[in-house]
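Colleague: Structure file data.cif, mmCIF, C-alpha atoms and all ligand atoms, is pasted below:
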data_entry
#
loop_
_atom_site.label_atom_id
_atom_site.label_comp_id
_atom_site.auth_asym_id
_atom_site.auth_seq_id
_atom_site.Cartn_x
_atom_site.Cartn_y
_atom_site.Cartn_z
CA MET R 783 -46.24 1.24 53.72
CA ASN R 784 -48.87 3.01 55.84
CA ARG R 785 -52.42 2.43 54.65
CA PRO R 786 -54.80 5.36 54.62
CA THR R 787 -57.43 5.10 57.32
CA ASP R 788 -59.80 7.40 59.17
CA THR R 789 -57.60 7.24 62.23
CA GLY R 790 -54.76 9.40 61.04
CA THR R 791 -52.19 6.67 60.45
CA ALA R 792 -51.74 7.84 56.86
CA LEU R 793 -49.80 10.80 58.21
CA VAL R 794 -47.44 8.78 60.40
CA ASP R 795 -44.06 8.02 58.89
CA ARG R 796 -41.86 4.97 59.40
CA PHE R 797 -40.07 6.68 62.29
CA GLY R 798 -43.39 7.16 64.09
CA ARG R 799 -43.62 10.90 63.49
CA LEU R 800 -47.24 12.10 63.32
CA HIS R 801 -47.88 14.92 60.87
CA THR R 802 -50.50 17.41 61.97
CA TYR R 803 -49.04 20.54 60.39
CA LEU R 804 -48.95 21.56 56.73
CA ARG R 805 -47.22 24.57 55.23
CA VAL R 806 -48.68 25.56 51.89
CA SER R 807 -46.72 27.72 49.47
CA VAL R 808 -49.52 29.54 47.66
CA THR R 809 -47.34 31.42 45.19
CA ASP R 810 -43.71 31.46 44.09
CA ARG R 811 -43.95 35.19 43.33
CA CYS R 812 -42.68 37.87 45.63
CA ASN R 813 -42.51 41.65 45.75
CA TYR R 814 -39.15 41.39 47.58
CA ARG R 815 -35.90 39.68 46.55
CA CYS R 816 -34.25 38.88 49.87
CA THR R 817 -30.59 38.11 49.30
CA TYR R 818 -30.75 34.84 51.29
CA CYS R 819 -33.90 33.63 49.55
CA MET R 820 -33.96 34.62 45.89
CA PRO R 821 -31.49 35.42 43.15
CA ALA R 822 -31.31 39.11 42.16
CA GLU R 823 -32.63 38.35 38.72
CA GLY R 824 -33.23 35.54 36.27
CA HIS R 825 -35.73 33.73 38.48
CA VAL R 826 -38.30 31.98 36.30
CA TRP R 827 -41.87 32.01 37.67
CA LEU R 828 -43.98 28.93 37.30
CA PRO R 829 -46.63 29.25 34.58
CA ARG R 830 -50.03 29.85 36.19
CA ASN R 831 -51.44 26.50 35.05
CA GLU R 832 -48.70 24.68 36.95
CA VAL R 833 -49.67 26.33 40.22
CA LEU R 834 -52.23 24.59 42.42
CA SER R 835 -55.65 26.23 42.23
CA HIS R 836 -57.59 27.22 45.35
CA GLU R 837 -59.87 24.23 44.85
CA GLU R 838 -56.91 21.85 44.58
CA ILE R 839 -55.30 23.23 47.74
CA VAL R 840 -58.57 22.97 49.67
CA ARG R 841 -59.14 19.41 48.44
CA ILE R 842 -55.68 18.29 49.57
CA VAL R 843 -56.16 19.99 52.96
CA THR R 844 -59.59 18.36 53.34
CA VAL R 845 -58.27 14.88 52.59
CA MET R 846 -55.35 15.34 54.97
CA ALA R 847 -57.61 16.77 57.69
CA GLY R 848 -59.46 13.45 57.58
CA SER R 849 -56.16 11.85 58.60
CA GLY R 850 -55.19 14.10 61.44
CA LEU R 851 -54.04 17.38 59.88
CA ARG R 852 -54.97 20.20 62.27
CA ARG R 853 -52.87 23.24 61.41
CA VAL R 854 -52.23 24.98 58.10
CA ARG R 855 -49.77 27.79 57.45
CA LEU R 856 -49.90 29.75 54.21
CA THR R 857 -46.58 30.95 52.91
CA GLY R 858 -44.84 31.55 49.59
CA GLY R 859 -43.24 33.52 47.88
CA GLU R 860 -45.35 36.26 49.32
CA PRO R 861 -48.80 34.86 50.16
CA LEU R 862 -50.43 38.31 50.15
CA LEU R 863 -49.77 38.43 46.39
CA ARG R 864 -51.94 35.39 45.72
CA ARG R 865 -55.15 36.55 44.08
CA GLY R 866 -58.15 35.84 46.32
CA ILE R 867 -56.00 35.08 49.37
CA THR R 868 -58.80 36.04 51.78
CA SER R 869 -61.23 33.57 50.16
CA LEU R 870 -58.57 30.87 50.23
CA VAL R 871 -58.08 31.51 53.96
CA ALA R 872 -61.84 31.34 54.50
CA ALA R 873 -62.12 28.06 52.59
CA ILE R 874 -59.27 26.44 54.52
CA ALA R 875 -60.57 27.72 57.86
CA ALA R 876 -63.92 26.08 57.03
CA VAL R 877 -62.41 22.60 56.50
CA PRO R 878 -63.63 20.29 59.29
CA GLY R 879 -60.74 19.41 61.60
CA ILE R 880 -58.58 22.43 60.79
CA ASP R 881 -58.36 24.47 63.97
CA ASP R 882 -55.45 26.79 63.25
CA VAL R 883 -54.79 28.79 60.08
CA SER R 884 -51.73 31.02 60.06
CA MET R 885 -49.54 32.84 57.56
CA THR R 886 -45.89 33.75 57.10
CA THR R 887 -45.55 37.07 55.29
CA ASN R 888 -43.17 39.91 54.63
CA ALA R 889 -46.08 42.16 55.74
CA HIS R 890 -45.71 44.53 52.78
CA GLY R 891 -49.42 44.86 52.01
CA LEU R 892 -50.62 43.65 55.39
CA ALA R 893 -51.74 47.15 56.39
CA GLU R 894 -54.68 46.76 53.98
CA LEU R 895 -55.21 43.02 54.33
CA ALA R 896 -54.83 42.27 58.05
CA GLY R 897 -58.46 43.11 58.86
CA PRO R 898 -60.04 41.18 55.97
CA LEU R 899 -57.77 38.19 56.62
CA ALA R 900 -58.67 38.09 60.30
CA ALA R 901 -62.37 38.31 59.36
CA ALA R 902 -61.86 35.42 56.91
CA GLY R 903 -60.55 33.18 59.68
CA LEU R 904 -56.79 33.74 59.81
CA HIS R 905 -55.61 33.24 63.38
CA ARG R 906 -52.00 34.39 63.45
CA VAL R 907 -49.16 35.79 61.36
CA ASN R 908 -45.42 35.36 61.40
CA ILE R 909 -43.64 38.34 59.90
CA SER R 910 -40.12 38.43 58.47
CA VAL R 911 -38.07 41.44 59.56
CA ASP R 912 -34.31 41.11 59.28
CA SER R 913 -33.29 44.67 60.09
CA LEU R 914 -34.74 47.82 61.62
CA ASP R 915 -32.41 50.05 59.68
CA PRO R 916 -34.36 51.26 56.60
CA ALA R 917 -31.34 51.37 54.27
CA ARG R 918 -30.08 47.97 55.36
CA PHE R 919 -33.60 46.55 55.15
CA ALA R 920 -33.87 47.83 51.58
CA ARG R 921 -30.50 46.27 50.72
CA LEU R 922 -31.26 42.86 52.28
CA THR R 923 -34.69 42.67 50.63
CA ARG R 924 -33.45 44.34 47.42
CA GLY R 925 -35.93 47.20 47.48
CA GLY R 926 -38.21 46.47 50.44
CA GLN R 927 -39.74 49.32 52.42
CA LEU R 928 -39.36 49.04 56.16
CA GLY R 929 -42.11 51.65 56.68
CA ALA R 930 -44.66 49.50 54.86
CA VAL R 931 -43.64 46.45 56.90
CA LEU R 932 -43.94 48.32 60.20
CA ALA R 933 -47.40 49.51 59.14
CA GLY R 934 -48.24 45.87 58.39
CA VAL R 935 -47.01 44.78 61.82
CA ARG R 936 -49.17 47.44 63.50
CA ALA R 937 -52.23 46.44 61.45
CA ALA R 938 -51.70 42.77 62.35
CA HIS R 939 -51.58 43.67 66.04
CA GLU R 940 -54.76 45.75 65.68
CA ALA R 941 -56.57 42.96 63.80
CA GLY R 942 -55.77 40.50 66.59
CA LEU R 943 -53.50 38.31 64.48
CA GLY R 944 -51.33 37.54 67.45
CA PRO R 945 -49.29 36.56 69.23
CA ILE R 946 -47.19 37.82 66.34
CA LYS R 947 -43.93 36.01 65.77
CA LEU R 948 -41.21 37.98 64.05
CA ASN R 949 -38.64 36.03 62.06
CA MET R 950 -35.08 37.30 61.76
CA VAL R 951 -32.62 35.38 59.60
CA VAL R 952 -29.25 36.12 61.18
CA MET R 953 -26.28 36.50 58.83
CA ARG R 954 -22.77 37.35 59.91
CA GLY R 955 -21.64 40.78 58.78
CA GLU R 956 -25.11 41.60 57.45
CA ASN R 957 -27.42 42.05 60.44
CA ASP R 958 -25.87 40.21 63.39
CA ASP R 959 -25.19 43.55 65.09
CA GLU R 960 -29.00 43.89 65.50
CA ILE R 961 -29.50 40.71 67.55
CA THR R 962 -30.22 42.56 70.80
CA SER R 963 -31.80 45.69 69.35
CA MET R 964 -34.35 43.58 67.46
CA ALA R 965 -35.31 41.82 70.71
CA ALA R 966 -35.52 45.19 72.47
CA ALA R 967 -37.93 46.39 69.76
CA CYS R 968 -40.27 43.49 70.68
CA LEU R 969 -40.42 44.48 74.35
CA PRO R 970 -43.68 46.07 75.46
CA GLY R 971 -43.68 49.62 74.15
CA GLY R 972 -41.07 48.78 71.50
CA LEU R 973 -41.31 49.49 67.79
CA LEU R 974 -42.54 45.98 66.91
CA ALA R 975 -44.70 45.37 69.98
CA GLY R 976 -48.47 45.36 70.32
CA ALA R 977 -50.93 44.81 73.13
CA GLU R 978 -50.29 41.07 72.95
CA GLU R 979 -46.85 39.66 73.58
CA THR R 980 -44.61 39.73 70.50
CA VAL R 981 -42.23 36.82 70.00
CA LEU R 982 -38.90 37.06 68.19
CA ARG R 983 -37.40 34.01 66.51
CA TYR R 984 -33.83 33.94 65.35
CA ILE R 985 -33.45 31.74 62.28
CA GLU R 986 -30.19 30.19 61.19
CA TYR R 987 -29.44 30.99 57.59
CA MET R 988 -29.97 27.86 55.49
CA PRO R 989 -27.67 27.37 52.53
CA PHE R 990 -29.51 27.10 49.23
CA ALA R 991 -27.41 26.71 46.10
CA GLY R 992 -26.20 30.07 44.78
CA ARG R 993 -27.30 32.18 47.76
CA TRP R 994 -24.47 32.02 50.26
CA HIS R 995 -24.24 33.95 53.48
CA GLU R 996 -22.36 33.13 56.63
CA ASN R 997 -24.55 31.55 59.28
CA VAL R 998 -24.43 32.67 62.90
CA PRO R 999 -25.01 29.56 65.05
CA ALA R 1000 -27.84 29.72 67.60
CA GLY R 1001 -25.32 29.14 70.40
CA GLU R 1002 -23.47 32.30 69.45
CA ILE R 1003 -26.70 34.32 69.28
CA ARG R 1004 -27.55 33.12 72.81
CA GLU R 1005 -24.12 34.23 74.01
CA ARG R 1006 -24.68 37.69 72.59
CA LEU R 1007 -28.08 37.93 74.30
CA ARG R 1008 -26.55 36.78 77.59
CA ALA R 1009 -23.87 39.42 77.27
CA ALA R 1010 -26.63 42.06 77.11
CA GLY R 1011 -29.04 40.62 79.66
CA HIS R 1012 -30.45 37.38 81.02
CA LEU R 1013 -31.65 34.43 78.91
CA GLU R 1014 -33.66 31.54 80.32
CA VAL R 1015 -35.85 28.68 79.15
CA ASP R 1016 -39.52 29.68 79.00
CA ALA R 1017 -41.91 26.73 78.94
CA GLY R 1018 -45.00 28.97 78.99
CA ASP R 1019 -47.96 28.34 76.73
CA LEU R 1020 -47.68 29.55 73.15
CA PRO R 1021 -49.86 28.58 70.16
CA GLY R 1022 -48.14 26.78 67.33
CA VAL R 1023 -45.75 24.13 68.55
CA GLY R 1024 -42.90 24.11 66.05
CA PRO R 1025 -39.16 23.83 65.71
CA ALA R 1026 -38.46 27.04 67.61
CA THR R 1027 -37.11 26.80 71.13
CA ARG R 1028 -38.90 28.77 73.86
CA GLU R 1029 -36.73 31.14 75.77
CA ARG R 1030 -37.07 34.50 77.45
CA TRP R 1031 -34.66 37.40 77.36
CA THR R 1032 -34.54 40.08 80.01
CA PRO R 1033 -32.33 42.89 78.86
CA ALA R 1034 -29.96 44.79 81.02
CA PRO R 1035 -31.63 48.16 81.80
CA ARG R 1036 -29.86 50.09 79.05
CA GLU R 1037 -31.43 47.78 76.38
CA SER R 1038 -35.01 48.47 77.50
CA ALA R 1039 -37.27 50.18 74.98
CA PRO R 1040 -38.37 53.65 76.08
CA GLY R 1041 -41.52 53.41 78.15
CA ALA R 1042 -41.36 49.62 78.43
CA SER R 1043 -43.69 48.38 81.14
CA ALA R 1044 -42.46 44.76 81.22
CA PRO R 1045 -38.83 43.88 81.18
CA SER R 1046 -38.65 40.67 79.14
CA VAL R 1047 -39.44 39.26 75.71
CA ARG R 1048 -40.06 35.77 74.42
CA VAL R 1049 -37.44 34.62 71.96
CA GLY R 1050 -36.91 31.36 70.10
CA PHE R 1051 -34.26 29.81 67.93
CA ILE R 1052 -34.89 27.93 64.72
CA ALA R 1053 -31.55 26.28 64.19
CA PRO R 1054 -31.76 23.71 61.41
CA LEU R 1055 -27.99 23.59 61.05
CA THR R 1056 -26.60 23.46 64.56
CA GLU R 1057 -29.56 22.10 66.53
CA HIS R 1058 -31.38 19.61 64.30
CA PHE R 1059 -35.05 19.23 65.14
CA CYS R 1060 -35.62 16.49 62.53
CA ALA R 1061 -36.44 13.81 65.14
CA ARG R 1062 -39.55 15.74 66.28
CA CYS R 1063 -40.51 17.14 62.87
CA ASN R 1064 -44.32 17.10 62.50
CA ARG R 1065 -44.53 19.14 59.32
CA LEU R 1066 -45.24 18.61 55.68
CA ARG R 1067 -44.85 21.19 52.94
CA LEU R 1068 -47.15 21.52 49.96
CA LEU R 1069 -45.17 23.28 47.28
CA VAL R 1070 -46.64 25.74 44.86
CA ASP R 1071 -46.55 23.12 42.07
CA GLY R 1072 -48.22 20.43 44.16
CA HIS R 1073 -45.16 18.50 45.33
CA LEU R 1074 -45.49 17.39 48.93
CA ARG R 1075 -42.16 17.82 50.66
CA THR R 1076 -41.73 15.69 53.72
CA CYS R 1077 -38.34 17.23 54.50
CA LEU R 1078 -37.02 20.68 53.73
CA GLY R 1079 -33.84 19.07 52.46
CA TYR R 1080 -35.30 16.81 49.76
CA GLU R 1081 -37.62 16.86 46.81
CA SER R 1082 -40.33 14.18 46.76
CA THR R 1083 -42.53 12.79 43.99
CA PRO R 1084 -45.11 12.49 42.51
CA SER R 1085 -46.73 15.93 42.40
CA LEU R 1086 -50.15 15.80 44.04
CA ARG R 1087 -51.26 18.23 41.34
CA ASP R 1088 -50.68 15.53 38.73
CA VAL R 1089 -52.46 12.97 40.90
CA LEU R 1090 -55.45 15.31 41.25
CA ARG R 1091 -55.53 16.32 37.61
CA GLY R 1092 -55.32 12.64 36.66
CA GLY R 1093 -58.82 12.29 38.13
CA ALA R 1094 -57.87 10.62 41.43
CA THR R 1095 -60.58 9.84 43.95
CA ASP R 1096 -60.12 11.06 47.53
CA ASP R 1097 -58.97 7.56 48.52
CA ALA R 1098 -56.39 7.50 45.74
CA LEU R 1099 -55.21 10.98 46.71
CA LEU R 1100 -54.84 9.92 50.33
CA ALA R 1101 -52.98 6.78 49.25
CA ALA R 1102 -50.53 8.94 47.26
CA ILE R 1103 -50.05 11.22 50.28
CA ALA R 1104 -49.53 8.21 52.58
CA ASP R 1105 -46.88 6.81 50.26
CA ILE R 1106 -44.98 10.11 50.21
CA VAL R 1107 -45.19 10.47 54.00
CA SER R 1108 -43.99 6.92 54.56
CA GLY R 1109 -40.90 7.73 52.50
CA LYS R 1110 -39.94 10.71 54.68
CA PRO R 1111 -36.20 10.61 55.43
CA ALA R 1112 -34.93 10.63 59.00
CA GLY R 1113 -33.54 14.13 58.50
CA HIS R 1114 -31.59 16.46 56.29
CA LEU R 1115 -27.81 16.49 55.87
CA ALA R 1116 -27.09 20.18 55.62
CA GLU R 1117 -24.79 20.85 58.56
CA THR R 1118 -22.53 23.73 57.82
CA GLU R 1119 -21.79 26.17 55.11
CA GLY R 1120 -19.82 24.43 52.44
CA GLY R 1121 -21.69 21.21 53.32
CA THR R 1122 -24.77 19.92 51.57
CA ALA R 1123 -26.99 22.74 50.31
CA PHE R 1124 -30.76 22.45 50.56
CA GLU R 1125 -32.40 21.53 47.26
CA GLY R 1126 -34.80 23.76 45.38
CA VAL R 1127 -36.04 27.33 45.61
CA MET R 1128 -37.26 28.74 48.92
CA THR R 1129 -40.09 30.69 47.33
CA SER R 1130 -41.65 27.48 46.00
CA ILE R 1131 -41.02 25.63 49.24
CA GLY R 1132 -42.23 28.36 51.56
CA GLY R 1133 -39.56 28.27 54.29
N1 LIG O 1 -42.50 35.95 51.93
C1 LIG O 1 -42.82 35.48 53.22
C2 LIG O 1 -41.79 35.93 54.24
O1 LIG O 1 -40.73 36.38 53.84
O2 LIG O 1 -42.08 35.80 55.43
C3 LIG O 1 -43.01 33.98 53.29
C4 LIG O 1 -42.08 33.12 52.50
S1 LIG O 1 -40.42 33.05 53.11
C5 LIG O 1 -39.68 31.94 51.96
C6 LIG O 1 -40.62 32.11 54.58
C7 LIG O 1 -39.51 32.22 55.57
O3 LIG O 1 -38.35 31.62 55.02
C8 LIG O 1 -39.12 33.64 55.96
O4 LIG O 1 -39.18 33.80 57.36
C9 LIG O 1 -37.71 33.77 55.46
O5 LIG O 1 -36.96 34.60 56.31
C10 LIG O 1 -37.24 32.34 55.49
N2 LIG O 1 -36.10 32.06 54.61
C11 LIG O 1 -35.99 32.26 53.28
N3 LIG O 1 -34.76 31.88 52.83
C12 LIG O 1 -34.09 31.43 53.91
C13 LIG O 1 -32.79 30.89 54.11
N4 LIG O 1 -31.94 30.73 53.11
N5 LIG O 1 -32.44 30.52 55.37
C14 LIG O 1 -33.31 30.67 56.41
N6 LIG O 1 -34.55 31.16 56.29
C15 LIG O 1 -34.94 31.54 55.06
FE1 LIG O 2 -39.88 37.09 49.31
FE2 LIG O 2 -40.12 36.04 51.73
FE3 LIG O 2 -38.20 35.16 50.06
FE4 LIG O 2 -38.00 37.60 51.08
S1 LIG O 2 -37.98 35.66 52.25
S2 LIG O 2 -37.72 37.04 48.91
S3 LIG O 2 -40.09 38.24 51.23
S4 LIG O 2 -40.36 34.95 49.78
#
Spell out the structure here as structure tokens.
Ligand code: SAM
Ligand code: SF4
Modeller:
Amino acid sequence: MNRPTDTGTALVDRFGRLHTYLRVSVTDRCNYRCTYCMPAEGHVWLPRNEVLSHEEIVRIVTVMAGSGLRRVRLTGGEPLLRRGITSLVAAIAAVPGIDDVSMTTNAHGLAELAGPLAAAGLHRVNISVDSLDPARFARLTRGGQLGAVLAGVRAAHEAGLGPIKLNMVVMRGENDDEITSMAAACLPGGLLAGAEETVLRYIEYMPFAGRWHENVPAGEIRERLRAAGHLEVDAGDLPGVGPATRERWTPAPRESAPGASAPSVRVGFIAPLTEHFCARCNRLRLLVDGHLRTCLGYESTPSLRDVLRGGATDDALLAAIADIVSGKPAGHLAETEGGTAFEGVMTSIGG
């Protein structure tokens, strides 16, 4: 077992992976019901007293920052729904050692909050947009408003929360006909673009029990982009090293957005099914109920909430975290649809 120390070894697992990145699901609630993420109805929200408080989240982040944690991403559910989200951002940004605070959001509500969040210390946002067709967007999100999301994207650009990364979960027969048009919208001058470069990431649909769609493998998405332009590896600098690949797409002239001044867009692929990135996984996930997930595919125990509420000292809390990290599995087993489904509910895990 790793022993907690000041040197960061507490966040190294038995395969030598150093964990510097924590995703925190700050709420399991959401104003959308995306078909790939949540059931249409019957979802039971966690009672408020089972959700980590701001103070508990900040304490866990502080203890982990003493062992090498550097980056925190707030997610959910929809993090903008968490009461006091700007003060939570400010408190996390003030933790010594934390040098990057980001958020993944559906951007419904970001038009009002982008400025205050940036002022509170938020550095960047990732925004989920799976379609640019308003009716389809409303169907995939079960009631979402594309107009509100586009206003949120614009506000995030204006507040300097960039480079903005847009996440598109690609599902066969649902939105895979928008693979190239979504990239074109991120080109300079495009609907989703701002002054700073906008990055598009294609995400493979992950099977969670009860929410089946057909995945489109990253390799097939690349082929479709190549058929409509030129795709190459792009090793350029980009904040937030993660599982996404770094590539650049230059569309054939007919795909260019009107008025585009630069011809290419950064794209990336997050392909947990067909291109495992488990071997270089540097992330931990703090679930809304205090469980620390070392791997998206598995639940882990105990809940840090229970450890905290049991009166643990910082050393005891760090020891509990170190134990969980040391038990991190080599990787998940979900390979294909019909194979092993991921465990749990995405809104508690945070993607
Ligand atoms: N509500 C915010 C949002 O939608 O961006 C943050 C939470 S959401 C759970 C985080 C990310 O998980 C989103 O980019 C979403 O597209 C992704 N996601 C949810 N369910 C997924 C699934 N079954 N497969 C792949 N990605 C999924
Ligand atoms: Fe809500 Fe995000 Fe899940 Fe959609 S993907 S239901 S916006 S948590």
Colleague: What does the list of residues within 9 Å of ligand LIG 1 (chain O) look like if you count all atoms listed in the file, written as a PyMOL selection string?
Modeller: chain R and resi 807+810-814+816-820+856-862+885-889+908-912+948-952+985-990+993-995+997+1052+1054+1124+1127-1133
Colleague: Applying 12 Å and only C-alpha atoms, which residues near Asp915 (chain R) remain after dropping the ones on its own chain fewer than 2 positions away? List them as a VMD selection string.
Modeller: chain R and resid 911 to 913 917 to 923 926 to 929 932 956 to 957 959 to 960 963 to 964
Colleague: Could you tell me how far CA of Pro1033 (chain R) lies from CA of Val907 (chain R), in Å and to one decimal?
Modeller: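 Going from CA of Pro1033 (chain R) over to CA of Val907 (chain R), I get 25.3 Å.
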Colleague: Nearest to Glu838 (chain R): which of R:Ala1098, R:Ile961, R:Leu870, R:Val854 is it, counting all atoms listed in the file?
Modeller: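 When distances to Glu838 (chain R) are compared using all atoms listed in the file, the smallest one comes from R:Leu870.
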Colleague: Return as lines of an AutoDock Vina configuration file the centre and edge lengths, in Å with one decimal, of the box along x, y and z that encloses every atom of ligand LIG 2 (chain O) in the file, padded by 4 Å per side.
Modeller:
center_x = -39.0
center_y = 36.6
center_z = 50.6
size_x = 10.6
size_y = 11.3
size_z = 11.3
Colleague: Report as a list in words all protein, DNA and RNA residues lying within 9 Å of Arg1030 (chain R), evaluated on only C-alpha atoms, omitting residues in the same chain fewer than 2 positions from it.
Modeller: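 Surrounding residues, per the criterion: His1012, Leu1013, Glu1014, Val1015, Asp1016, Arg1028, Thr1032, Ser1046, Val1047, Arg1048, Val1049 and Gly1050 of chain R.
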Colleague: Would you kindly return, as a ChimeraX atom specification, each protein, DNA or RNA residue with an atom no farther than 9 Å from any atom of Leu804 (chain R), considering only C-alpha atoms and excluding same-chain residues fewer than 3 positions away?
Modeller: /R:801,843,851-856,1064-1068
Colleague: Which of these residues is nearest to Cys1077 (chain R), using only C-alpha atoms: R:Leu1100, R:Gly976, R:Tyr984, R:Arg805?
Modeller: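 That would be R:Arg805, the residue with the smallest distance to Cys1077 (chain R).
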Colleague: Rounded to one decimal in Å, what is the spacing between atom FE4 of ligand LIG 2 (chain O) and CA of Ala1112 (chain R)?
Modeller: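 Rounded to one decimal, the two atoms are 28.3 Å apart.
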Colleague: Hey, can you check how far CA of Ser869 (chain R) sits from CA of Val1107 (chain R)?
Modeller: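 So the two atoms, CA of Ser869 (chain R) and CA of Val1107 (chain R), lie 28.4 Å apart.
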Colleague: Using only C-alpha atoms and all ligand atoms, find the one residue out of R:Gly879, R:Gly925, R:Pro1111, R:Gly848 that sits nearest to ligand LIG 2 (chain O).
Modeller: R:Gly925
Colleague: From the set R:Leu982, R:Ala875, R:Met953, R:Ala1034, which residue has the shortest atom-to-atom contact distance to Ala965 (chain R), counting all atoms listed in the file?
Modeller: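 Closest residue, counting all atoms listed in the file: R:Leu982.
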Colleague: Looking at only C-alpha atoms, which of R:Val931, R:Ile867, R:Ala873, R:Ile946 is the one that sits closest to Arg906 (chain R)?
Modeller: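 Result for the nearest residue to Arg906 (chain R): R:Ile946.
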Colleague: Looking at R:Ala792, R:Val808, R:Ile842, R:Ala1104, which one is nearest to Thr1083 (chain R), with distances taken over only C-alpha atoms?
Modeller: R:Ala1104
Colleague: Taking (-24.4, 35.9, 71.9) in the file's own coordinates, collect the residues within 12 Å, counting all atoms listed in the file, and hand them back as a list in words.
Modeller: Val952, Asp958, Asp959, Glu960, Ile961, Thr962, Tyr984, Val998, Pro999, Ala1000, Gly1001, Glu1002, Ile1003, Arg1004, Glu1005, Arg1006, Leu1007, Arg1008, Ala1009, Ala1010, Gly1011, His1012, Leu1013 and Trp1031 of chain R
Colleague: Can you complete the atoms of region 910-921 of chain R to N, CA, C and O atoms and list them as a PDB file, keeping the file's coordinate frame?
Modeller:
ATOM      1  N   SER R 910     -41.574  38.423  58.641  1.00  0.00           N
ATOM      2  CA  SER R 910     -40.120  38.430  58.470  1.00  0.00           C
ATOM      3  C   SER R 910     -39.610  39.861  58.523  1.00  0.00           C
ATOM      4  O   SER R 910     -40.030  40.702  57.734  1.00  0.00           O
ATOM      5  N   VAL R 911     -38.738  40.123  59.467  1.00  0.00           N
ATOM      6  CA  VAL R 911     -38.070  41.440  59.560  1.00  0.00           C
ATOM      7  C   VAL R 911     -36.618  41.164  59.934  1.00  0.00           C
ATOM      8  O   VAL R 911     -36.341  40.689  61.026  1.00  0.00           O
ATOM      9  N   ASP R 912     -35.714  41.456  59.032  1.00  0.00           N
ATOM     10  CA  ASP R 912     -34.310  41.110  59.280  1.00  0.00           C
ATOM     11  C   ASP R 912     -33.472  42.286  59.730  1.00  0.00           C
ATOM     12  O   ASP R 912     -32.306  42.101  60.121  1.00  0.00           O
ATOM     13  N   SER R 913     -34.033  43.495  59.647  1.00  0.00           N
ATOM     14  CA  SER R 913     -33.290  44.670  60.090  1.00  0.00           C
ATOM     15  C   SER R 913     -34.282  45.794  60.383  1.00  0.00           C
ATOM     16  O   SER R 913     -35.336  45.884  59.747  1.00  0.00           O
ATOM     17  N   LEU R 914     -33.920  46.639  61.334  1.00  0.00           N
ATOM     18  CA  LEU R 914     -34.740  47.820  61.620  1.00  0.00           C
ATOM     19  C   LEU R 914     -34.069  49.086  61.117  1.00  0.00           C
ATOM     20  O   LEU R 914     -34.493  50.194  61.432  1.00  0.00           O
ATOM     21  N   ASP R 915     -33.051  48.912  60.326  1.00  0.00           N
ATOM     22  CA  ASP R 915     -32.410  50.050  59.680  1.00  0.00           C
ATOM     23  C   ASP R 915     -32.962  50.126  58.245  1.00  0.00           C
ATOM     24  O   ASP R 915     -32.797  49.177  57.472  1.00  0.00           O
ATOM     25  N   PRO R 916     -33.669  51.227  57.894  1.00  0.00           N
ATOM     26  CA  PRO R 916     -34.360  51.260  56.600  1.00  0.00           C
ATOM     27  C   PRO R 916     -33.444  51.001  55.400  1.00  0.00           C
ATOM     28  O   PRO R 916     -33.829  50.279  54.473  1.00  0.00           O
ATOM     29  N   ALA R 917     -32.228  51.553  55.420  1.00  0.00           N
ATOM     30  CA  ALA R 917     -31.340  51.370  54.270  1.00  0.00           C
ATOM     31  C   ALA R 917     -30.857  49.923  54.183  1.00  0.00           C
ATOM     32  O   ALA R 917     -30.816  49.313  53.115  1.00  0.00           O
ATOM     33  N   ARG R 918     -30.525  49.373  55.340  1.00  0.00           N
ATOM     34  CA  ARG R 918     -30.080  47.970  55.360  1.00  0.00           C
ATOM     35  C   ARG R 918     -31.231  47.045  54.970  1.00  0.00           C
ATOM     36  O   ARG R 918     -31.051  46.079  54.228  1.00  0.00           O
ATOM     37  N   PHE R 919     -32.422  47.352  55.486  1.00  0.00           N
ATOM     38  CA  PHE R 919     -33.600  46.550  55.150  1.00  0.00           C
ATOM     39  C   PHE R 919     -33.813  46.549  53.630  1.00  0.00           C
ATOM     40  O   PHE R 919     -34.052  45.503  53.023  1.00  0.00           O
ATOM     41  N   ALA R 920     -33.680  47.723  53.035  1.00  0.00           N
ATOM     42  CA  ALA R 920     -33.870  47.830  51.580  1.00  0.00           C
ATOM     43  C   ALA R 920     -32.799  47.026  50.848  1.00  0.00           C
ATOM     44  O   ALA R 920     -33.078  46.382  49.825  1.00  0.00           O
ATOM     45  N   ARG R 921     -31.575  47.016  51.388  1.00  0.00           N
ATOM     46  CA  ARG R 921     -30.500  46.270  50.720  1.00  0.00           C
ATOM     47  C   ARG R 921     -30.724  44.760  50.854  1.00  0.00           C
ATOM     48  O   ARG R 921     -30.620  44.016  49.885  1.00  0.00           O
TER      49      ARG R 921
END
